[in-house]
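K.L.:
This is the content of coords22.cif (mmCIF, C-alpha atoms and all ligand atoms):
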data_my_file
loop_
_atom_site.group_PDB
_atom_site.id
_atom_site.type_symbol
_atom_site.label_atom_id
_atom_site.label_comp_id
_atom_site.auth_asym_id
_atom_site.auth_seq_id
_atom_site.Cartn_x
_atom_site.Cartn_y
_atom_site.Cartn_z
ATOM 1 C CA MET A 1 264.772 9.889 101.810
ATOM 2 C CA GLN A 2 266.883 10.648 104.921
ATOM 3 C CA HIS A 3 266.291 14.339 104.322
ATOM 4 C CA LEU A 4 262.537 13.746 104.137
ATOM 5 C CA LEU A 5 262.502 11.726 107.387
ATOM 6 C CA ASP A 6 264.532 14.450 109.158
ATOM 7 C CA ASP A 7 262.076 17.085 107.893
ATOM 8 C CA ILE A 8 259.098 15.069 109.120
ATOM 9 C CA ALA A 9 260.687 14.524 112.555
ATOM 10 C CA ALA A 10 261.483 18.252 112.836
ATOM 11 C CA MET A 11 257.891 19.186 111.914
ATOM 12 C CA ALA A 12 256.543 16.740 114.514
ATOM 13 C CA ALA A 13 258.914 18.055 117.207
ATOM 14 C CA ALA A 14 257.655 21.605 116.624
ATOM 15 C CA ASP A 15 253.927 20.726 116.611
ATOM 16 C CA PRO A 16 252.136 21.931 119.773
ATOM 17 C CA GLU A 17 248.977 19.880 119.029
ATOM 18 C CA ARG A 18 250.071 16.401 120.024
ATOM 19 C CA GLY A 19 246.782 14.568 120.661
ATOM 20 C CA VAL A 20 245.850 12.727 123.850
ATOM 21 C CA VAL A 21 247.742 9.758 125.314
ATOM 22 C CA ALA A 22 245.521 6.679 125.981
ATOM 23 C CA SER A 23 244.710 6.596 129.665
ATOM 24 C CA TYR A 24 242.451 3.526 129.998
ATOM 25 C CA ILE A 25 245.542 1.311 130.292
ATOM 26 C CA PRO A 26 247.111 2.752 133.472
ATOM 27 C CA GLU A 27 250.679 1.826 132.516
ATOM 28 C CA LEU A 28 250.412 3.770 129.238
ATOM 29 C CA ALA A 29 248.825 6.884 130.787
ATOM 30 C CA GLY A 30 252.116 8.360 131.945
ATOM 31 C CA ILE A 31 253.968 8.209 128.595
ATOM 32 C CA ASP A 32 255.549 11.510 127.507
ATOM 33 C CA PRO A 33 253.611 12.798 124.444
ATOM 34 C CA ASN A 34 256.629 14.824 123.294
ATOM 35 C CA GLN A 35 258.108 11.829 121.510
ATOM 36 C CA PHE A 36 258.123 11.060 117.816
ATOM 37 C CA GLY A 37 259.998 8.482 115.763
ATOM 38 C CA ILE A 38 259.934 7.208 112.203
ATOM 39 C CA ALA A 39 261.766 4.369 110.455
ATOM 40 C CA ILE A 40 261.649 2.939 106.943
ATOM 41 C CA ALA A 41 262.894 -0.456 105.800
ATOM 42 C CA THR A 42 263.148 -0.354 102.004
ATOM 43 C CA ALA A 43 262.832 -3.185 99.490
ATOM 44 C CA ASP A 44 266.535 -2.910 98.683
ATOM 45 C CA GLY A 45 267.469 -3.681 102.294
ATOM 46 C CA GLU A 46 268.173 -0.193 103.647
ATOM 47 C CA VAL A 47 266.881 1.078 107.000
ATOM 48 C CA LEU A 48 266.636 4.830 107.591
ATOM 49 C CA THR A 49 265.361 6.503 110.764
ATOM 50 C CA ALA A 50 264.696 9.904 112.338
ATOM 51 C CA GLY A 51 263.610 11.185 115.760
ATOM 52 C CA ASP A 52 263.040 8.723 118.625
ATOM 53 C CA ALA A 53 263.233 5.709 116.322
ATOM 54 C CA GLU A 54 265.167 3.548 118.791
ATOM 55 C CA THR A 55 262.783 4.070 121.735
ATOM 56 C CA PRO A 56 260.653 0.976 122.470
ATOM 57 C CA PHE A 57 256.892 1.537 122.736
ATOM 58 C CA SER A 58 253.864 -0.679 123.306
ATOM 59 C CA ILE A 59 252.735 -1.848 119.863
ATOM 60 C CA GLN A 60 249.209 -2.669 121.144
ATOM 61 C CA SER A 61 246.844 -3.229 118.198
ATOM 62 C CA VAL A 62 249.645 -3.294 115.630
ATOM 63 C CA SER A 63 250.151 -6.801 117.073
ATOM 64 C CA LYS A 64 246.834 -7.802 115.472
ATOM 65 C CA ILE A 65 248.577 -8.048 112.084
ATOM 66 C CA PHE A 66 251.024 -10.661 113.369
ATOM 67 C CA ALA A 67 248.244 -12.453 115.266
ATOM 68 C CA LEU A 68 246.164 -12.587 112.075
ATOM 69 C CA ALA A 69 249.066 -14.021 110.068
ATOM 70 C CA LEU A 70 249.562 -16.660 112.763
ATOM 71 C CA ALA A 71 245.850 -17.552 112.981
ATOM 72 C CA LEU A 72 245.609 -17.845 109.175
ATOM 73 C CA GLY A 73 248.691 -20.057 109.283
ATOM 74 C CA ARG A 74 246.847 -22.315 111.748
ATOM 75 C CA VAL A 75 243.392 -22.615 110.184
ATOM 76 C CA GLY A 76 243.567 -20.874 106.781
ATOM 77 C CA ASP A 77 240.294 -19.621 105.304
ATOM 78 C CA GLN A 78 238.291 -21.340 108.044
ATOM 79 C CA LEU A 79 239.010 -18.250 110.124
ATOM 80 C CA TRP A 80 236.479 -16.345 107.997
ATOM 81 C CA ARG A 81 233.648 -18.473 109.409
ATOM 82 C CA ARG A 82 234.261 -16.795 112.760
ATOM 83 C CA VAL A 83 235.221 -13.248 111.794
ATOM 84 C CA GLY A 84 234.260 -10.939 108.925
ATOM 85 C CA ARG A 85 236.186 -8.744 106.519
ATOM 86 C CA GLU A 86 234.221 -5.508 106.545
ATOM 87 C CA PRO A 87 235.013 -2.191 108.209
ATOM 88 C CA SER A 88 232.877 -1.641 111.290
ATOM 89 C CA GLY A 89 232.585 2.147 111.156
ATOM 90 C CA LEU A 90 232.737 2.047 114.946
ATOM 91 C CA SER A 91 235.444 2.448 117.580
ATOM 92 C CA PHE A 92 237.929 -0.371 118.174
ATOM 93 C CA ASP A 93 236.248 -1.563 121.384
ATOM 94 C CA SER A 94 232.595 -1.196 120.360
ATOM 95 C CA MET A 95 230.033 -3.873 121.308
ATOM 96 C CA LEU A 96 227.231 -2.512 119.149
ATOM 97 C CA LEU A 97 227.343 -4.794 116.126
ATOM 98 C CA LEU A 98 228.121 -8.025 117.971
ATOM 99 C CA GLU A 99 224.565 -8.617 119.113
ATOM 100 C CA ARG A 100 222.979 -7.773 115.788
ATOM 101 C CA GLU A 101 225.477 -9.935 113.886
ATOM 102 C CA ASP A 102 225.271 -13.037 116.090
ATOM 103 C CA GLY A 103 228.691 -12.796 117.683
ATOM 104 C CA ILE A 104 230.639 -12.678 114.393
ATOM 105 C CA PRO A 105 232.910 -9.614 114.667
ATOM 106 C CA ARG A 106 233.130 -7.412 111.575
ATOM 107 C CA ASN A 107 236.898 -7.811 111.066
ATOM 108 C CA PRO A 108 240.069 -9.138 112.769
ATOM 109 C CA PHE A 109 241.374 -5.667 113.723
ATOM 110 C CA ILE A 110 238.587 -4.417 115.997
ATOM 111 C CA ASN A 111 238.996 -5.842 119.497
ATOM 112 C CA ALA A 112 236.162 -8.387 119.199
ATOM 113 C CA GLY A 113 237.674 -9.796 115.997
ATOM 114 C CA ALA A 114 241.173 -9.757 117.452
ATOM 115 C CA LEU A 115 239.936 -11.807 120.429
ATOM 116 C CA VAL A 116 238.685 -14.455 117.976
ATOM 117 C CA THR A 117 242.062 -14.341 116.193
ATOM 118 C CA THR A 118 243.905 -14.791 119.478
ATOM 119 C CA ASP A 119 241.575 -17.652 120.405
ATOM 120 C CA THR A 120 242.413 -19.250 117.034
ATOM 121 C CA TYR A 121 246.202 -19.234 117.404
ATOM 122 C CA LEU A 122 245.794 -20.236 121.060
ATOM 123 C CA ALA A 123 243.831 -23.390 120.182
ATOM 124 C CA GLY A 124 245.441 -26.563 121.478
ATOM 125 C CA SER A 125 248.324 -24.732 123.214
ATOM 126 C CA THR A 126 248.926 -23.078 126.535
ATOM 127 C CA PRO A 127 249.051 -19.249 126.528
ATOM 128 C CA ARG A 128 252.803 -19.502 127.132
ATOM 129 C CA GLU A 129 253.295 -21.716 124.038
ATOM 130 C CA ALA A 130 251.021 -19.560 121.886
ATOM 131 C CA LEU A 131 252.803 -16.352 122.909
ATOM 132 C CA GLY A 132 256.133 -18.071 122.300
ATOM 133 C CA GLU A 133 254.993 -18.829 118.768
ATOM 134 C CA LEU A 134 253.835 -15.247 118.248
ATOM 135 C CA LEU A 135 257.173 -13.868 119.487
ATOM 136 C CA ARG A 136 259.069 -16.289 117.247
ATOM 137 C CA PHE A 137 257.076 -15.036 114.265
ATOM 138 C CA MET A 138 257.731 -11.365 115.128
ATOM 139 C CA ARG A 139 261.423 -11.997 115.828
ATOM 140 C CA ALA A 140 261.865 -13.877 112.556
ATOM 141 C CA ALA A 141 260.064 -11.085 110.673
ATOM 142 C CA ALA A 142 262.278 -8.406 112.219
ATOM 143 C CA ASP A 143 265.389 -10.601 112.354
ATOM 144 C CA ASP A 144 265.765 -9.465 115.965
ATOM 145 C CA ASP A 145 265.638 -11.835 118.941
ATOM 146 C CA SER A 146 265.476 -9.018 121.497
ATOM 147 C CA ILE A 147 261.768 -8.299 120.815
ATOM 148 C CA HIS A 148 259.848 -9.037 124.018
ATOM 149 C CA ILE A 149 256.624 -8.593 125.981
ATOM 150 C CA ASN A 150 256.415 -5.913 128.687
ATOM 151 C CA GLU A 151 254.882 -7.905 131.560
ATOM 152 C CA THR A 152 253.951 -4.763 133.549
ATOM 153 C CA VAL A 153 251.925 -3.351 130.639
ATOM 154 C CA ALA A 154 250.219 -6.736 130.082
ATOM 155 C CA LYS A 155 249.194 -6.976 133.762
ATOM 156 C CA SER A 156 248.116 -3.341 133.834
ATOM 157 C CA GLU A 157 245.794 -3.871 130.858
ATOM 158 C CA PHE A 158 244.470 -7.214 132.145
ATOM 159 C CA ARG A 159 243.438 -5.644 135.465
ATOM 160 C CA THR A 160 241.385 -2.940 133.753
ATOM 161 C CA ALA A 161 240.185 -4.854 130.662
ATOM 162 C CA HIS A 162 236.494 -4.597 131.548
ATOM 163 C CA ARG A 163 235.387 -3.861 128.010
ATOM 164 C CA ASN A 164 237.512 -6.602 126.495
ATOM 165 C CA PHE A 165 236.181 -9.067 129.084
ATOM 166 C CA SER A 166 232.642 -8.032 128.118
ATOM 167 C CA LEU A 167 233.404 -8.553 124.436
ATOM 168 C CA ALA A 168 234.962 -11.945 125.157
ATOM 169 C CA HIS A 169 232.009 -13.110 127.292
ATOM 170 C CA TYR A 170 229.670 -11.960 124.563
ATOM 171 C CA LEU A 171 231.627 -13.909 121.945
ATOM 172 C CA ALA A 172 231.595 -16.941 124.251
ATOM 173 C CA SER A 173 227.821 -16.664 124.657
ATOM 174 C CA PHE A 174 227.512 -17.060 120.880
ATOM 175 C CA GLY A 175 229.901 -20.027 120.916
ATOM 176 C CA ASN A 176 232.610 -18.025 119.109
ATOM 177 C CA LEU A 177 235.422 -18.702 121.627
ATOM 178 C CA ARG A 178 237.047 -22.088 122.194
ATOM 179 C CA ALA A 179 239.365 -21.314 125.112
ATOM 180 C CA SER A 180 238.206 -19.785 128.398
ATOM 181 C CA VAL A 181 237.615 -16.026 128.534
ATOM 182 C CA GLU A 182 240.447 -15.678 131.098
ATOM 183 C CA LYS A 183 242.938 -17.517 128.874
ATOM 184 C CA VAL A 184 242.011 -15.565 125.757
ATOM 185 C CA LEU A 185 242.201 -12.237 127.595
ATOM 186 C CA GLY A 186 245.498 -13.107 129.272
ATOM 187 C CA THR A 187 247.019 -14.040 125.914
ATOM 188 C CA TYR A 188 245.519 -11.010 124.154
ATOM 189 C CA CYS A 189 246.825 -8.539 126.768
ATOM 190 C CA HIS A 190 250.328 -10.031 126.500
ATOM 191 C CA GLN A 191 250.152 -9.922 122.692
ATOM 192 C CA CYS A 192 249.271 -6.210 122.832
ATOM 193 C CA ALA A 193 252.085 -5.552 125.340
ATOM 194 C CA VAL A 194 254.862 -6.473 122.896
ATOM 195 C CA GLU A 195 257.382 -3.652 122.725
ATOM 196 C CA MET A 196 259.246 -2.524 119.625
ATOM 197 C CA SER A 197 261.042 0.583 118.481
ATOM 198 C CA CYS A 198 260.163 2.161 115.125
ATOM 199 C CA ARG A 199 263.261 0.523 113.680
ATOM 200 C CA GLN A 200 262.193 -2.932 114.911
ATOM 201 C CA LEU A 201 258.589 -2.462 113.777
ATOM 202 C CA ALA A 202 259.602 -1.300 110.282
ATOM 203 C CA LEU A 203 261.790 -4.403 110.012
ATOM 204 C CA ALA A 204 259.032 -6.657 111.379
ATOM 205 C CA GLY A 205 256.622 -5.295 108.741
ATOM 206 C CA ARG A 206 258.819 -6.323 105.799
ATOM 207 C CA PHE A 207 256.998 -9.651 105.388
ATOM 208 C CA LEU A 208 254.038 -7.641 104.033
ATOM 209 C CA VAL A 209 256.010 -5.658 101.428
ATOM 210 C CA ASP A 210 255.972 -8.094 98.513
ATOM 211 C CA ALA A 211 259.527 -7.670 97.192
ATOM 212 C CA PRO A 212 262.306 -10.216 96.470
ATOM 213 C CA LEU A 213 264.615 -9.426 99.411
ATOM 214 C CA MET A 214 261.852 -9.334 102.030
ATOM 215 C CA PRO A 215 261.188 -12.241 104.430
ATOM 216 C CA GLY A 216 258.697 -14.634 102.846
ATOM 217 C CA LEU A 217 256.781 -15.656 105.962
ATOM 218 C CA VAL A 218 253.370 -15.756 104.265
ATOM 219 C CA SER A 219 252.182 -16.509 100.734
ATOM 220 C CA VAL A 220 251.708 -13.711 98.191
ATOM 221 C CA GLU A 221 247.948 -14.102 98.298
ATOM 222 C CA ARG A 222 247.850 -13.897 102.100
ATOM 223 C CA ARG A 223 250.135 -10.856 102.119
ATOM 224 C CA ARG A 224 247.831 -9.044 99.718
ATOM 225 C CA ARG A 225 244.766 -9.928 101.745
ATOM 226 C CA ILE A 226 246.330 -8.737 105.013
ATOM 227 C CA ASN A 227 247.244 -5.467 103.275
ATOM 228 C CA ALA A 228 243.664 -5.151 101.997
ATOM 229 C CA LEU A 229 242.318 -5.559 105.522
ATOM 230 C CA MET A 230 244.813 -2.995 106.823
ATOM 231 C CA MET A 231 243.594 -0.534 104.202
ATOM 232 C CA THR A 232 239.890 -1.080 104.928
ATOM 233 C CA CYS A 233 239.935 -1.758 108.688
ATOM 234 C CA GLY A 234 243.405 -0.941 110.098
ATOM 235 C CA HIS A 235 242.395 2.412 111.581
ATOM 236 C CA TYR A 236 238.882 1.471 112.823
ATOM 237 C CA ASP A 237 236.361 4.248 112.139
ATOM 238 C CA GLY A 238 239.274 6.360 110.885
ATOM 239 C CA SER A 239 240.169 3.860 108.140
ATOM 240 C CA GLY A 240 238.459 5.765 105.347
ATOM 241 C CA ASP A 241 240.155 8.965 106.421
ATOM 242 C CA PHE A 242 243.574 7.285 106.579
ATOM 243 C CA ALA A 243 243.095 5.794 103.085
ATOM 244 C CA PHE A 244 242.022 9.204 101.818
ATOM 245 C CA ARG A 245 244.927 11.076 103.385
ATOM 246 C CA VAL A 246 247.734 8.502 103.112
ATOM 247 C CA GLY A 247 246.631 6.020 100.441
ATOM 248 C CA MET A 248 248.608 3.093 101.846
ATOM 249 C CA PRO A 249 247.556 0.176 104.084
ATOM 250 C CA GLY A 250 248.308 0.839 107.743
ATOM 251 C CA LYS A 251 247.630 -0.561 111.202
ATOM 252 C CA SER A 252 247.530 1.607 114.291
ATOM 253 C CA GLY A 253 247.736 0.900 118.021
ATOM 254 C CA VAL A 254 246.740 2.935 121.082
ATOM 255 C CA GLY A 255 250.403 3.042 122.086
ATOM 256 C CA GLY A 256 250.723 5.572 119.231
ATOM 257 C CA GLY A 257 252.458 3.302 116.729
ATOM 258 C CA ILE A 258 251.420 2.881 113.079
ATOM 259 C CA LEU A 259 252.827 0.366 110.619
ATOM 260 C CA VAL A 260 252.355 1.356 106.973
ATOM 261 C CA ILE A 261 253.143 -0.808 103.951
ATOM 262 C CA SER A 262 254.033 0.498 100.524
ATOM 263 C CA PRO A 263 253.706 -2.707 98.475
ATOM 264 C CA GLY A 264 256.865 -3.457 96.531
ATOM 265 C CA ARG A 265 258.691 -0.526 98.114
ATOM 266 C CA ALA A 266 258.951 -0.364 101.880
ATOM 267 C CA SER A 267 257.672 -0.969 105.391
ATOM 268 C CA ILE A 268 257.342 2.233 107.421
ATOM 269 C CA ALA A 269 256.849 2.573 111.186
ATOM 270 C CA VAL A 270 255.924 5.816 112.859
ATOM 271 C CA TRP A 271 255.267 6.486 116.533
ATOM 272 C CA SER A 272 253.970 9.332 118.638
ATOM 273 C CA PRO A 273 251.890 8.550 121.766
ATOM 274 C CA GLY A 274 249.206 11.273 121.468
ATOM 275 C CA LEU A 275 246.033 10.016 119.757
ATOM 276 C CA ASN A 276 243.356 11.631 117.586
ATOM 277 C CA ARG A 277 239.612 11.139 118.120
ATOM 278 C CA TYR A 278 239.680 7.701 116.458
ATOM 279 C CA GLY A 279 242.374 6.433 118.842
ATOM 280 C CA ASN A 280 245.102 6.552 116.185
ATOM 281 C CA SER A 281 248.377 8.464 116.572
ATOM 282 C CA LYS A 282 247.710 12.096 115.704
ATOM 283 C CA LEU A 283 251.223 13.102 114.688
ATOM 284 C CA GLY A 284 251.851 9.634 113.227
ATOM 285 C CA THR A 285 248.900 10.035 110.854
ATOM 286 C CA GLU A 286 249.972 13.564 109.909
ATOM 287 C CA ALA A 287 253.561 12.418 109.376
ATOM 288 C CA MET A 288 252.382 9.654 107.046
ATOM 289 C CA GLU A 289 250.236 12.140 105.142
ATOM 290 C CA THR A 290 253.311 14.333 104.599
ATOM 291 C CA PHE A 291 255.384 11.279 103.697
ATOM 292 C CA ALA A 292 252.830 10.114 101.101
ATOM 293 C CA HIS A 293 252.506 13.602 99.674
ATOM 294 C CA ARG A 294 256.258 14.179 99.380
ATOM 295 C CA THR A 295 257.125 10.747 97.971
ATOM 296 C CA GLY A 296 254.049 10.417 95.770
ATOM 297 C CA TRP A 297 253.670 6.874 97.106
ATOM 298 C CA SER A 298 250.116 5.532 97.057
ATOM 299 C CA VAL A 299 248.528 2.222 96.174
ATOM 300 C CA PHE A 300 246.081 4.247 94.077
ATOM 301 C CA GLY A 301 248.572 5.566 91.536
ATOM 302 C CA VAL A 302 252.171 5.812 90.345
ATOM 303 C CA PRO A 303 254.639 8.271 91.902
ATOM 304 C CA HIS A 304 255.005 11.585 90.086
ATOM 305 C CA SER A 305 256.065 13.807 92.954
ATOM 306 C CA ALA A 306 258.243 16.883 92.743
ATOM 307 C CA GLU A 307 260.912 15.163 94.832
ATOM 308 C CA GLY A 308 260.564 12.033 92.704
ATOM 309 C CA ILE A 309 261.609 9.512 95.360
ATOM 310 C CA LYS A 310 261.378 6.184 93.592
ATOM 311 C CA ARG A 311 261.968 2.782 95.187
HETATM 312 N N1 LIG A 401 245.173 -3.564 123.979
HETATM 313 C C1 LIG A 401 244.297 -2.537 123.478
HETATM 314 C C2 LIG A 401 242.855 -2.832 123.824
HETATM 315 O O1 LIG A 401 242.443 -3.929 123.708
HETATM 316 C C3 LIG A 401 244.484 -2.421 122.004
HETATM 317 C C4 LIG A 401 243.584 -1.386 121.366
HETATM 318 C C5 LIG A 401 244.272 -0.579 120.322
HETATM 319 O O2 LIG A 401 245.505 -0.532 120.255
HETATM 320 N N2 LIG A 401 243.515 0.123 119.552
HETATM 321 O O3 LIG A 401 242.112 -1.977 124.215
#
Using the file provided, produce a representation of the structure as structure tokens.
P.N.:
Amino acid sequence: MQHLLDDIAAMAAADPERGVVASYIPELAGIDPNQFGIAIATADGEVLTAGDAETPFSIQSVSKIFALALALGRVGDQLWRRVGREPSGLSFDSMLLLEREDGIPRNPFINAGALVTTDTYLAGSTPREALGELLRFMRAAADDDSIHINETVAKSEFRTAHRNFSLAHYLASFGNLRASVEKVLGTYCHQCAVEMSCRQLALAGRFLVDAPLMPGLVSVERRRRINALMMTCGHYDGSGDFAFRVGMPGKSGVGGGILVISPGRASIAVWSPGLNRYGNSKLGTEAMETFAHRTGWSVFGVPHSAEGIKR
């Protein structure tokens, strides 16, 4: 496994086509695209890394997994009255379907749905309390109290969040927000501005792995459902392509991070800031395709790879 990760990091380092760094959040626009990291936390408690796996990055939409777990913890299945469970086939910040579908976002991973999720775990608390709860969840998942929010990134996004404000006002006009638009957006931008390294993110993802030694922060049923949503919606309009190429549930963020779960086996975090046309990490996606190919890991079949890497 270490050999495979080193190979993947070397291939990424040599790749001249690195994608395009997100520029609509000013603070993220200046990130060096020549970075790549990968980390795996296995079901038997090992952590292996390669490349820039200790460098913190902005997890952005990968945070929507933790937010969803928290919101489901608060209201359970009632959440599904306010947000759907279908892929949108549109970009992460699209407004198109909201009007036609009466302000019920397609799923909790597109921005509109994530704003409803944030509004749900924010209910009855101040943004500071709600974010404290979110950080506690992430820190417990990763067993790492140093995980924090980058205040500069949060403010930078808040100042330029015109599209997210539009989505939130639209949701509010349909009665699908409880807190004020400003509060929801402030909380959402801070949630997205959490920083983690690949090592921390791989550890934080273990609660979704479904194996005896992994942190049991959510029930088995909930874990499986979150994985199902990651598979169908975790990469926006690139979700079908990611399932086709990688065959494992994953969640991407515009910071260039991707968290991938191999149920029963491992939590894998990969990061490279340059994005493909769907807004998902270009080299991260390619690295995961190589990883899946070389290990034979897929939720759609048993491993039978040449290298035969088992659990
Ligand atoms: N904070 C980002 C936004 O709302 C998250 C989007 C993403 O990572 N895809 O635009």
K.L.:
Within 9 Å of ligand LIG 401 (chain A), which residues of chain A come that close, and what is the closest atom pair and distance in Å for each? Count only C-alpha atoms and all ligand atoms and give it as a Markdown table.
P.N.:
| residue | atom | partner | partner_atom | distance |
| --- | --- | --- | --- | --- |
| A:Tyr24 | CA | A:LIG401 | O3 | 8.0 |
| A:Ile25 | CA | A:LIG401 | O3 | 7.7 |
| A:Ser58 | CA | A:LIG401 | O2 | 8.9 |
| A:Ile59 | CA | A:LIG401 | O2 | 7.4 |
| A:Gln60 | CA | A:LIG401 | O2 | 4.4 |
| A:Ser61 | CA | A:LIG401 | O2 | 3.6 |
| A:Val62 | CA | A:LIG401 | O2 | 6.8 |
| A:Ser63 | CA | A:LIG401 | O2 | 8.4 |
| A:Lys64 | CA | A:LIG401 | C3 | 8.8 |
| A:Ser91 | CA | A:LIG401 | N2 | 8.6 |
| A:Phe92 | CA | A:LIG401 | N2 | 5.8 |
| A:Asp93 | CA | A:LIG401 | O3 | 6.5 |
| A:Phe109 | CA | A:LIG401 | N2 | 8.5 |
| A:Ile110 | CA | A:LIG401 | N2 | 7.6 |
| A:Asn111 | CA | A:LIG401 | O1 | 5.8 |
| A:Ala112 | CA | A:LIG401 | O1 | 8.9 |
| A:Ala114 | CA | A:LIG401 | O1 | 8.6 |
| A:Leu115 | CA | A:LIG401 | O1 | 8.9 |
| A:Ala154 | CA | A:LIG401 | N1 | 8.5 |
| A:Glu157 | CA | A:LIG401 | N1 | 6.9 |
| A:Phe158 | CA | A:LIG401 | N1 | 9.0 |
| A:Ala161 | CA | A:LIG401 | O3 | 7.3 |
| A:Arg163 | CA | A:LIG401 | O3 | 7.9 |
| A:Asn164 | CA | A:LIG401 | O1 | 6.3 |
| A:Tyr188 | CA | A:LIG401 | N1 | 7.5 |
| A:Cys189 | CA | A:LIG401 | N1 | 5.9 |
| A:His190 | CA | A:LIG401 | N1 | 8.6 |
| A:Gln191 | CA | A:LIG401 | N1 | 8.2 |
| A:Cys192 | CA | A:LIG401 | N1 | 5.0 |
| A:Ala193 | CA | A:LIG401 | N1 | 7.3 |
| A:His235 | CA | A:LIG401 | N2 | 8.4 |
| A:Tyr236 | CA | A:LIG401 | N2 | 8.3 |
| A:Ser252 | CA | A:LIG401 | O2 | 6.7 |
| A:Gly253 | CA | A:LIG401 | O2 | 3.5 |
| A:Val254 | CA | A:LIG401 | O2 | 3.8 |
| A:Gly255 | CA | A:LIG401 | O2 | 6.3 |
| A:Gly256 | CA | A:LIG401 | O2 | 8.1 |
| A:Gly257 | CA | A:LIG401 | O2 | 8.7 |
| A:Gly279 | CA | A:LIG401 | N2 | 6.5 |
| A:Asn280 | CA | A:LIG401 | N2 | 7.4 |
K.L.:
List as a tab-separated table every residue of region 5-106 of chain A that is in contact with region 218-226 of chain A, defined as an atom at most 9 Å from one of its atoms (using all atoms listed in the file), together with the nearest atom pair and the distance in Å rounded to one decimal, sorted by chain and then rising number.
P.N.:
residue	atom	partner	partner_atom	distance
A:Ile65	CA	A:Ile226	CA	7.5
A:Leu68	CA	A:Ile226	CA	8.0
A:Ala69	CA	A:Val218	CA	7.4
A:Leu72	CA	A:Arg222	CA	8.4
A:Gly73	CA	A:Val218	CA	8.1
K.L.:
Here is a test: counting all atoms listed in the file, which residue of A:Leu79, A:Ile268, A:Leu131, A:Leu213 is nearest to Ala41 (chain A)?
P.N.:
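Looking at the shortest contact to Ala41 (chain A), the residue is A:Ile268.
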K.L.:
Report the residues retrieved by the PyMOL selection byres (((chain A and resi 32) around 12) and not hetatm) from the displayed file, expressed as a list in words.
P.N.:
Arg18, Gly19, Val20, Val21, Ala22, Glu27, Leu28, Ala29, Gly30, Ile31, Pro33, Asn34, Gln35, Phe36, Asp52, Thr55, Phe57, Gly255, Gly256, Ser272, Pro273 and Gly274 of chain A
K.L.:
To one decimal place, how far is CA of Gly89 (chain A) from CA of Leu229 (chain A) in Å?
P.N.:
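Result for CA of Gly89 (chain A) versus CA of Leu229 (chain A): 13.6 Å, one decimal.
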K.L.:
Between A:Phe242, A:Phe207, A:Phe300, A:Tyr278, which is the closest to Ala141 (chain A) once you count only C-alpha atoms?
P.N.:
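Checking each candidate against Ala141 (chain A), we get A:Phe207 as the closest.
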K.L.:
Which is closest to Met11 (chain A) among A:Ala50, A:Cys198, A:Phe165, A:Thr42, if we use only C-alpha atoms?
P.N.:
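Ranking A:Ala50, A:Cys198, A:Phe165, A:Thr42 by distance to Met11 (chain A), first place goes to A:Ala50.
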K.L.:
So which residues touch Ala168 (chain A) within 9 Å, counting all atoms listed in the file, skipping near sequence neighbours fewer than 2 positions away, as an MDAnalysis selection string?
P.N.:
chainID A and resid 112 115:116 163:166 170:173 176:177 181:182 184:185
K.L.:
May I have the protein, DNA and RNA residues with any atom at most 10 Å from the point (243.9, 7.5, 98.8), counting all atoms listed in the file, written as a list in words?
P.N.:
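Output: Met231, Gly240, Asp241, Phe242, Ala243, Phe244, Arg245, Val246, Gly247, Met248, Pro249, Ala292, Trp297, Ser298, Val299, Phe300 and Gly301 of chain A.
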K.L.:
Distance CA of Glu101 (chain A)-CA of Arg82 (chain A), one decimal place?
P.N.:
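We find that CA of Glu101 (chain A) and CA of Arg82 (chain A) lie 11.2 Å from each other.
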K.L.:
Please complete region 74-80 of chain A so it has N, CA, C and O atoms, and hand it over as a PDB file, keeping the file's coordinate frame.
P.N.:
ATOM      1  N   ARG A  74     247.415 -21.166 111.034  1.00  0.00           N
ATOM      2  CA  ARG A  74     246.847 -22.315 111.748  1.00  0.00           C
ATOM      3  C   ARG A  74     245.647 -22.921 111.032  1.00  0.00           C
ATOM      4  O   ARG A  74     245.574 -24.124 110.841  1.00  0.00           O
ATOM      5  N   VAL A  75     244.670 -22.066 110.667  1.00  0.00           N
ATOM      6  CA  VAL A  75     243.392 -22.615 110.184  1.00  0.00           C
ATOM      7  C   VAL A  75     243.030 -22.186 108.772  1.00  0.00           C
ATOM      8  O   VAL A  75     241.996 -22.595 108.237  1.00  0.00           O
ATOM      9  N   GLY A  76     243.854 -21.328 108.150  1.00  0.00           N
ATOM     10  CA  GLY A  76     243.567 -20.874 106.781  1.00  0.00           C
ATOM     11  C   GLY A  76     242.231 -20.156 106.691  1.00  0.00           C
ATOM     12  O   GLY A  76     241.807 -19.486 107.635  1.00  0.00           O
ATOM     13  N   ASP A  77     241.535 -20.360 105.567  1.00  0.00           N
ATOM     14  CA  ASP A  77     240.294 -19.621 105.304  1.00  0.00           C
ATOM     15  C   ASP A  77     239.152 -19.967 106.263  1.00  0.00           C
ATOM     16  O   ASP A  77     238.135 -19.271 106.285  1.00  0.00           O
ATOM     17  N   GLN A  78     239.339 -21.026 107.054  1.00  0.00           N
ATOM     18  CA  GLN A  78     238.291 -21.340 108.044  1.00  0.00           C
ATOM     19  C   GLN A  78     238.095 -20.208 109.043  1.00  0.00           C
ATOM     20  O   GLN A  78     237.033 -20.076 109.648  1.00  0.00           O
ATOM     21  N   LEU A  79     239.128 -19.380 109.199  1.00  0.00           N
ATOM     22  CA  LEU A  79     239.010 -18.250 110.124  1.00  0.00           C
ATOM     23  C   LEU A  79     237.808 -17.377 109.766  1.00  0.00           C
ATOM     24  O   LEU A  79     237.138 -16.828 110.639  1.00  0.00           O
ATOM     25  N   TRP A  80     237.538 -17.257 108.453  1.00  0.00           N
ATOM     26  CA  TRP A  80     236.479 -16.345 107.997  1.00  0.00           C
ATOM     27  C   TRP A  80     235.072 -16.849 108.325  1.00  0.00           C
ATOM     28  O   TRP A  80     234.091 -16.161 108.066  1.00  0.00           O
TER      29      TRP A  80
END
